[in-house]
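Structure file upload.txt with compact mmCIF, C-alpha atoms:
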# COMPACT_ATOMS: atom_id res chain seq x y z
CA MET A 1 0.00 0.00 0.00
CA LYS A 2 2.83 2.38 0.89
CA ARG A 3 4.38 1.61 -2.47
CA ILE A 4 1.18 2.53 -4.34
CA ILE A 5 0.88 5.78 -2.40
CA THR A 6 4.55 6.60 -3.09
CA LEU A 7 4.11 5.90 -6.81
CA SER A 8 0.93 7.99 -6.90
CA ILE A 9 2.67 10.91 -5.23
CA ALA A 10 5.62 10.60 -7.63
CA ALA A 11 3.28 10.52 -10.63
CA LEU A 12 1.33 13.52 -9.34
CA PHE A 13 4.60 15.41 -8.73
CA THR A 14 5.79 14.60 -12.27
CA LEU A 15 2.48 15.78 -13.77
CA THR A 16 2.68 19.01 -11.76
CA ILE A 17 6.19 19.72 -12.99
CA SER A 18 5.27 18.85 -16.59
CA ALA A 19 2.24 21.13 -16.47
CA GLN A 20 4.48 24.05 -15.54
CA GLU A 21 6.74 23.66 -18.57
CA LYS A 22 6.08 26.16 -21.32
CA ILE A 23 6.86 24.82 -24.79
CA ALA A 24 6.41 26.48 -28.18
CA PHE A 25 7.77 26.24 -31.69
CA VAL A 26 8.77 28.67 -34.40
CA ASP A 27 8.85 28.35 -38.19
CA ASN A 28 12.57 28.98 -38.75
CA LYS A 29 12.35 29.95 -42.41
CA ARG A 30 9.39 32.29 -42.03
CA LEU A 31 11.01 33.92 -38.99
CA PHE A 32 14.35 34.45 -40.73
CA ASP A 33 12.72 35.72 -43.94
CA ALA A 34 10.47 38.20 -42.09
CA TRP A 35 13.24 39.58 -39.88
CA GLN A 36 13.90 43.18 -40.91
CA GLU A 37 17.58 43.03 -40.02
CA LYS A 38 18.01 40.11 -42.41
CA LYS A 39 16.13 41.99 -45.13
CA ASP A 40 18.37 45.02 -44.63
CA LEU A 41 21.50 42.88 -44.76
CA GLU A 42 20.30 41.21 -47.96
CA ALA A 43 19.74 44.65 -49.51
CA ILE A 44 23.29 45.70 -48.60
CA LEU A 45 24.73 42.44 -49.94
CA LYS A 46 22.72 42.77 -53.16
CA LYS A 47 24.00 46.32 -53.63
CA GLN A 48 27.58 45.08 -53.20
CA ALA A 49 26.99 42.18 -55.60
CA ASP A 50 25.47 44.56 -58.16
CA ALA A 51 28.46 46.90 -57.83
CA HIS A 52 30.80 43.95 -58.32
CA GLN A 53 28.86 42.84 -61.41
CA ALA A 54 28.95 46.37 -62.85
CA LYS A 55 32.70 46.53 -62.28
CA ARG A 56 33.10 43.08 -63.87
CA ASP A 57 31.06 44.16 -66.90
CA SER A 58 33.05 47.37 -67.27
CA ILE A 59 36.39 45.56 -67.13
CA SER A 60 35.12 42.96 -69.58
CA ARG A 61 33.94 45.61 -72.06
CA ALA A 62 37.27 47.45 -71.85
CA PHE A 63 39.15 44.22 -72.46
CA GLN A 64 36.90 43.34 -75.41
CA VAL A 65 37.75 46.73 -76.96
CA GLU A 66 41.44 45.81 -76.72
CA VAL A 67 40.78 42.40 -78.28
CA ARG A 68 38.83 43.95 -81.18
CA LYS A 69 41.61 46.48 -81.74
CA PHE A 70 44.14 43.64 -81.83
CA ASP A 71 41.93 41.69 -84.26
CA GLU A 72 41.74 44.71 -86.58
CA GLU A 73 45.48 45.27 -86.71
CA VAL A 74 46.57 41.61 -86.61
CA LYS A 75 46.83 41.40 -90.41
CA THR A 76 49.21 44.35 -90.61
CA LEU A 77 51.58 43.15 -87.87
CA SER A 78 54.65 41.04 -88.31
CA GLU A 79 54.56 37.53 -86.82
CA ASN A 80 56.91 38.55 -84.01
CA ILE A 81 54.90 41.62 -82.95
CA ARG A 82 51.61 39.76 -83.39
CA SER A 83 52.82 36.97 -81.10
CA THR A 84 54.09 39.43 -78.48
CA LYS A 85 50.83 41.42 -78.45
CA TYR A 86 48.78 38.23 -78.34
CA ASN A 87 50.77 36.93 -75.37
CA LYS A 88 50.35 40.26 -73.58
CA LEU A 89 46.59 40.12 -74.16
CA MET A 90 46.40 36.57 -72.81
CA GLU A 91 48.47 37.55 -69.77
CA LYS A 92 46.22 40.55 -69.16
CA GLN A 93 43.14 38.34 -69.48
CA GLN A 94 44.50 35.94 -66.85
CA ILE A 95 45.35 38.80 -64.49
CA LEU A 96 41.88 40.29 -64.89
CA GLN A 97 40.21 36.92 -64.34
CA GLN A 98 42.24 36.29 -61.19
CA TYR A 99 41.47 39.78 -59.91
CA LEU A 100 37.73 39.39 -60.51
CA GLN A 101 37.66 35.88 -59.04
CA ASN A 102 39.47 37.13 -55.95
CA GLU A 103 36.99 39.97 -55.54
CA GLU A 104 34.08 37.58 -55.97
CA TYR A 105 35.60 35.18 -53.43
CA GLN A 106 36.05 38.00 -50.91
CA LEU A 107 32.46 39.14 -51.47
CA THR A 108 31.19 35.59 -50.94
CA GLN A 109 33.29 35.15 -47.80
CA MET A 110 32.05 38.44 -46.37
CA SER A 111 28.46 37.54 -47.21
CA ASN A 112 28.77 34.12 -45.56
CA LYS A 113 30.36 35.68 -42.48
CA LYS A 114 27.60 38.29 -42.15
CA LEU A 115 24.86 35.65 -42.54
CA ALA A 116 26.55 33.41 -39.96
CA GLU A 117 26.76 36.35 -37.54
CA LEU A 118 23.09 37.09 -38.18
CA THR A 119 22.15 33.46 -37.52
CA THR A 120 24.05 33.55 -34.22
CA LYS A 121 22.30 36.80 -33.33
CA LEU A 122 18.92 35.22 -34.15
CA LYS A 123 19.59 32.22 -31.91
CA GLU A 124 20.63 34.51 -29.05
CA ALA A 125 17.52 36.67 -29.52
CA ILE A 126 15.31 33.56 -29.40
CA ARG A 127 17.07 32.46 -26.19
CA GLN A 128 16.52 35.90 -24.70
CA TYR A 129 12.85 35.88 -25.73
CA GLY A 130 12.46 32.44 -24.18
CA LYS A 131 13.97 33.63 -20.89
CA GLU A 132 11.88 36.80 -20.81
CA ASN A 133 8.68 34.82 -21.44
CA ASN A 134 9.49 31.82 -19.22
CA TYR A 135 9.66 29.21 -21.96
CA THR A 136 11.19 25.86 -21.09
CA PHE A 137 11.67 25.01 -24.77
CA ILE A 138 11.34 26.85 -28.07
CA LEU A 139 11.60 24.33 -30.86
CA GLY A 140 12.48 25.15 -34.44
CA ALA A 141 10.18 23.88 -37.16
CA ASN A 142 11.81 23.48 -40.54
CA GLU A 143 11.51 21.53 -43.76
CA GLY A 144 13.71 18.80 -42.28
CA GLY A 145 10.94 17.88 -39.88
CA SER A 146 12.27 18.81 -36.45
CA VAL A 147 8.67 19.61 -35.44
CA LEU A 148 6.29 17.37 -37.30
CA TYR A 149 3.19 18.64 -35.58
CA GLY A 150 2.31 21.43 -33.23
CA LYS A 151 -0.95 23.08 -32.27
CA ASP A 152 -1.36 26.50 -33.80
CA ASN A 153 -1.50 28.14 -30.37
CA LYS A 154 2.03 26.83 -29.73
CA ASP A 155 3.40 28.54 -32.86
CA ILE A 156 5.06 31.76 -31.69
CA THR A 157 6.59 32.72 -35.04
CA ASP A 158 4.58 35.94 -35.36
CA GLU A 159 5.36 36.95 -31.77
CA LEU A 160 9.06 36.37 -32.37
CA ILE A 161 9.00 38.33 -35.63
CA ARG A 162 7.50 41.31 -33.77
CA TYR A 163 10.02 40.89 -30.94
CA LEU A 164 13.02 40.70 -33.29
CA ASN A 165 11.91 43.67 -35.36
CA GLN A 166 11.30 45.75 -32.21
CA GLN A 167 14.76 44.83 -30.91
CA TYR A 168 16.26 45.77 -34.28
CA LYS A 169 14.47 49.15 -34.31
CA LYS A 170 15.84 49.92 -30.83
CA ASN A 171 19.39 49.48 -32.08
Any chance you could put this one into structure tokens?
Amino acid sequence: MKRIITLSIAALFTLTISAQEKIAFVDNKRLFDAWQEKKDLEAILKKQADAHQAKRDSISRAFQVEVRKFDEEVKTLSENIRSTKYNKLMEKQQILQQYLQNEEYQLTQMSNKKLAELTTKLKEAIRQYGKENNYTFILGANEGGSVLYGKDNKDITDELIRYLNQQYKKN
């Protein structure tokens, strides 16, 4: 009898503790896409990518002018001069390609770094929101299926979007 009473008390205690836990989930993609700070960062990165593309196009056009000029005068040049000019053009092309590839690599690295920093900031903001609102768990729902089902009233995506955007406006 004592054993049954002890088990009943333990079960009741466990249910009481479980009832106090506050659990919710958030749609990761929708949250990240609706976050104003992410939108602003994407706009900055797009502007930088567009500037890089414009620079690339300009360099390419200038080089094409040189190639056309060489093509026009190739018939009037001696074999020796033609070969020298051709080699210089090829060398210049390689230098330009390396320069542009290096710039593109640096742009990609910077973009990846900024997005990683933003992801870290998002995780920290979710932790802070969870602490401020006494959540035991905030689960992330994504296409991979980390949350396969959750009641709509447990989805705090919209609340978190408002929270993140308010925090961003403050800064």
Pairwise distance for atom CA of A:Ile138 and atom CA of A:Ile156, rounded to one decimal in Å: 8.8 Å
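One distance worth recording is that between atom CA of A:Lys29 and atom CA of A:Glu143, which is 8.6 Å.
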Identify, on the basis of only C-alpha atoms, every residue whose closest approach to A:Tyr149 does not exceed 12 Å; exclude the query and any residue fewer than 5 positions from it along the same chain; express the result as an mmCIF file with C-alpha atoms, keeping the file's coordinate frame.
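Dumped everything to selection01.cif:
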data_model
loop_
_atom_site.group_PDB
_atom_site.id
_atom_site.type_symbol
_atom_site.label_atom_id
_atom_site.label_comp_id
_atom_site.auth_asym_id
_atom_site.auth_seq_id
_atom_site.Cartn_x
_atom_site.Cartn_y
_atom_site.Cartn_z
ATOM 1 C CA ALA A 24 6.410 26.480 -28.180
ATOM 2 C CA PHE A 25 7.770 26.240 -31.690
ATOM 3 C CA VAL A 26 8.770 28.670 -34.400
ATOM 4 C CA ASP A 27 8.850 28.350 -38.190
ATOM 5 C CA LEU A 139 11.600 24.330 -30.860
ATOM 6 C CA GLY A 140 12.480 25.150 -34.440
ATOM 7 C CA ALA A 141 10.180 23.880 -37.160
ATOM 8 C CA ASN A 142 11.810 23.480 -40.540
ATOM 9 C CA LYS A 154 2.030 26.830 -29.730
ATOM 10 C CA ASP A 155 3.400 28.540 -32.860
#
query: Residues at most 8 Å from stretch 35-42 of chain A, counting all atoms listed in the file, excluding those fewer than 3 positions away in the same chain, as a PyMOL selection string?
result: chain A and resi 31-32+45-46+118+161+164-165+168
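Residues in contact range of A:Lys22, defined as at most 7 Å between only C-alpha atoms, with sequence neighbours fewer than 5 positions away removed, read Asn134, Tyr135, Thr136 and Phe137 of chain A.
Checking A:Arg61, A:Ile44, A:Ile95, A:Leu148 one by one against A:Leu115, counting only C-alpha atoms, you find the shortest gap at A:Ile44.
Distance annotation: of A:Thr76, A:Thr157, A:Gln167, A:Gln101, the residue with the minimal separation from A:Asn28 is A:Thr157; atom set is all atoms listed in the file.
Restricting the calculation to only C-alpha atoms, the smallest distance between A:Leu100 and any of A:Glu72, A:Asp57, A:Glu66, A:Glu132 is found for A:Asp57.
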message: I'd like the interatomic distance between atom CA of A:Gln20 and atom CA of A:Gly130, to a tenth of an Å.
response: 14.4 Å
Mind working out the centre and edge lengths of an axis-aligned box for stretch 111-114 of chain A, all listed atoms inside, 5 Å added to each side, rounded to one decimal in Å and written as JSON?
{"center_x": 29.0, "center_y": 36.2, "center_z": -44.7, "size_x": 12.8, "size_y": 14.2, "size_z": 15.1}
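When only C-alpha atoms are used to measure the gap to A:Leu122, the shortest distance among A:Leu160, A:Ala51, A:Val65, A:Ala43 belongs to A:Leu160.
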Of the listed residues A:Glu104, A:Phe63, A:Arg68, A:Gln128, that which approaches A:Glu91 most closely, counting all atoms listed in the file: A:Phe63
task: Please provide as a ChimeraX atom specification all residues within 9 Å of A:Ile59, with the sequence filter that same-chain residues fewer than 5 positions apart are discarded (counting only C-alpha atoms).
output: /A:54,64,96
Write the residues of the selection above to a file with C-alpha atoms, as a short mmCIF file (atom, residue, chain, number, x, y, z; two decimals), keeping the file's coordinate frame.
data_model
loop_
_atom_site.label_atom_id
_atom_site.label_comp_id
_atom_site.auth_asym_id
_atom_site.auth_seq_id
_atom_site.Cartn_x
_atom_site.Cartn_y
_atom_site.Cartn_z
CA ALA A 54 28.95 46.37 -62.85
CA GLN A 64 36.90 43.34 -75.41
CA LEU A 96 41.88 40.29 -64.89
#
Could you please fill out stretch 48-84 of chain A with N, CA and C atoms and send it back as an mmCIF file, in the coordinates of the input?
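Everything below was put into out-v2.cif:
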data_model
loop_
_atom_site.group_PDB
_atom_site.id
_atom_site.type_symbol
_atom_site.label_atom_id
_atom_site.label_comp_id
_atom_site.auth_asym_id
_atom_site.auth_seq_id
_atom_site.Cartn_x
_atom_site.Cartn_y
_atom_site.Cartn_z
ATOM 1 N N GLN A 48 26.158 45.385 -53.004
ATOM 2 C CA GLN A 48 27.580 45.080 -53.200
ATOM 3 C C GLN A 48 27.771 44.123 -54.375
ATOM 4 N N ALA A 49 26.896 43.129 -54.485
ATOM 5 C CA ALA A 49 26.990 42.180 -55.600
ATOM 6 C C ALA A 49 26.731 42.886 -56.931
ATOM 7 N N ASP A 50 25.761 43.796 -56.941
ATOM 8 C CA ASP A 50 25.470 44.560 -58.160
ATOM 9 C C ASP A 50 26.652 45.438 -58.552
ATOM 10 N N ALA A 51 27.281 46.058 -57.556
ATOM 11 C CA ALA A 51 28.460 46.900 -57.830
ATOM 12 C C ALA A 51 29.591 46.046 -58.387
ATOM 13 N N HIS A 52 29.764 44.857 -57.820
ATOM 14 C CA HIS A 52 30.800 43.950 -58.320
ATOM 15 C C HIS A 52 30.497 43.547 -59.766
ATOM 16 N N GLN A 53 29.240 43.244 -60.052
ATOM 17 C CA GLN A 53 28.860 42.840 -61.410
ATOM 18 C C GLN A 53 29.068 43.992 -62.390
ATOM 19 N N ALA A 54 28.742 45.204 -61.979
ATOM 20 C CA ALA A 54 28.950 46.370 -62.850
ATOM 21 C C ALA A 54 30.434 46.567 -63.135
ATOM 22 N N LYS A 55 31.248 46.401 -62.116
ATOM 23 C CA LYS A 55 32.700 46.530 -62.280
ATOM 24 C C LYS A 55 33.215 45.434 -63.219
ATOM 25 N N ARG A 56 32.709 44.220 -63.026
ATOM 26 C CA ARG A 56 33.100 43.080 -63.870
ATOM 27 C C ARG A 56 32.730 43.358 -65.330
ATOM 28 N N ASP A 57 31.514 43.851 -65.544
ATOM 29 C CA ASP A 57 31.060 44.160 -66.900
ATOM 30 C C ASP A 57 31.912 45.247 -67.541
ATOM 31 N N SER A 58 32.234 46.269 -66.769
ATOM 32 C CA SER A 58 33.050 47.370 -67.270
ATOM 33 C C SER A 58 34.444 46.890 -67.673
ATOM 34 N N ILE A 59 35.057 46.102 -66.824
ATOM 35 C CA ILE A 59 36.390 45.560 -67.130
ATOM 36 C C ILE A 59 36.326 44.661 -68.357
ATOM 37 N N SER A 60 35.280 43.864 -68.440
ATOM 38 C CA SER A 60 35.120 42.960 -69.580
ATOM 39 C C SER A 60 34.949 43.739 -70.886
ATOM 40 N N ARG A 61 34.132 44.790 -70.845
ATOM 41 C CA ARG A 61 33.940 45.610 -72.060
ATOM 42 C C ARG A 61 35.252 46.267 -72.490
ATOM 43 N N ALA A 62 35.990 46.795 -71.529
ATOM 44 C CA ALA A 62 37.270 47.450 -71.850
ATOM 45 C C ALA A 62 38.242 46.441 -72.463
ATOM 46 N N PHE A 63 38.258 45.242 -71.923
ATOM 47 C CA PHE A 63 39.150 44.220 -72.460
ATOM 48 C C PHE A 63 38.710 43.808 -73.867
ATOM 49 N N GLN A 64 37.407 43.702 -74.086
ATOM 50 C CA GLN A 64 36.900 43.340 -75.410
ATOM 51 C C GLN A 64 37.277 44.396 -76.459
ATOM 52 N N VAL A 65 37.313 45.658 -76.054
ATOM 53 C CA VAL A 65 37.750 46.730 -76.960
ATOM 54 C C VAL A 65 39.198 46.478 -77.376
ATOM 55 N N GLU A 66 40.031 46.109 -76.414
ATOM 56 C CA GLU A 66 41.440 45.810 -76.720
ATOM 57 C C GLU A 66 41.553 44.614 -77.659
ATOM 58 N N VAL A 67 40.739 43.602 -77.428
ATOM 59 C CA VAL A 67 40.780 42.400 -78.280
ATOM 60 C C VAL A 67 40.350 42.762 -79.700
ATOM 61 N N ARG A 68 39.282 43.550 -79.841
ATOM 62 C CA ARG A 68 38.830 43.950 -81.180
ATOM 63 C C ARG A 68 39.897 44.783 -81.895
ATOM 64 N N LYS A 69 40.538 45.663 -81.153
ATOM 65 C CA LYS A 69 41.610 46.480 -81.740
ATOM 66 C C LYS A 69 42.735 45.575 -82.240
ATOM 67 N N PHE A 70 43.093 44.582 -81.428
ATOM 68 C CA PHE A 70 44.140 43.640 -81.830
ATOM 69 C C PHE A 70 43.695 42.877 -83.081
ATOM 70 N N ASP A 71 42.440 42.421 -83.100
ATOM 71 C CA ASP A 71 41.930 41.690 -84.260
ATOM 72 C C ASP A 71 41.978 42.528 -85.543
ATOM 73 N N GLU A 72 41.726 43.820 -85.407
ATOM 74 C CA GLU A 72 41.740 44.710 -86.580
ATOM 75 C C GLU A 72 43.155 44.910 -87.125
ATOM 76 N N GLU A 73 44.114 44.991 -86.247
ATOM 77 C CA GLU A 73 45.480 45.270 -86.710
ATOM 78 C C GLU A 73 46.333 44.011 -86.866
ATOM 79 N N VAL A 74 45.790 42.847 -86.557
ATOM 80 C CA VAL A 74 46.570 41.610 -86.610
ATOM 81 C C VAL A 74 47.143 41.339 -88.004
ATOM 82 N N LYS A 75 46.399 41.683 -89.039
ATOM 83 C CA LYS A 75 46.830 41.400 -90.410
ATOM 84 C C LYS A 75 48.017 42.273 -90.838
ATOM 85 N N THR A 76 48.141 43.423 -90.210
ATOM 86 C CA THR A 76 49.210 44.350 -90.610
ATOM 87 C C THR A 76 50.479 44.181 -89.777
ATOM 88 N N LEU A 77 50.427 43.324 -88.764
ATOM 89 C CA LEU A 77 51.580 43.150 -87.870
ATOM 90 C C LEU A 77 52.468 42.001 -88.324
ATOM 91 N N SER A 78 53.732 42.145 -88.022
ATOM 92 C CA SER A 78 54.650 41.040 -88.310
ATOM 93 C C SER A 78 54.361 39.905 -87.316
ATOM 94 N N GLU A 79 54.788 38.716 -87.661
ATOM 95 C CA GLU A 79 54.560 37.530 -86.820
ATOM 96 C C GLU A 79 55.098 37.737 -85.410
ATOM 97 N N ASN A 80 56.258 38.319 -85.307
ATOM 98 C CA ASN A 80 56.910 38.550 -84.010
ATOM 99 C C ASN A 80 56.087 39.499 -83.132
ATOM 100 N N ILE A 81 55.677 40.627 -83.696
ATOM 101 C CA ILE A 81 54.900 41.620 -82.950
ATOM 102 C C ILE A 81 53.515 41.064 -82.622
ATOM 103 N N ARG A 82 52.913 40.370 -83.588
ATOM 104 C CA ARG A 82 51.610 39.760 -83.390
ATOM 105 C C ARG A 82 51.658 38.788 -82.210
ATOM 106 N N SER A 83 52.666 37.950 -82.181
ATOM 107 C CA SER A 83 52.820 36.970 -81.100
ATOM 108 C C SER A 83 53.018 37.655 -79.752
ATOM 109 N N THR A 84 53.838 38.694 -79.730
ATOM 110 C CA THR A 84 54.090 39.430 -78.480
ATOM 111 C C THR A 84 52.812 40.084 -77.970
#
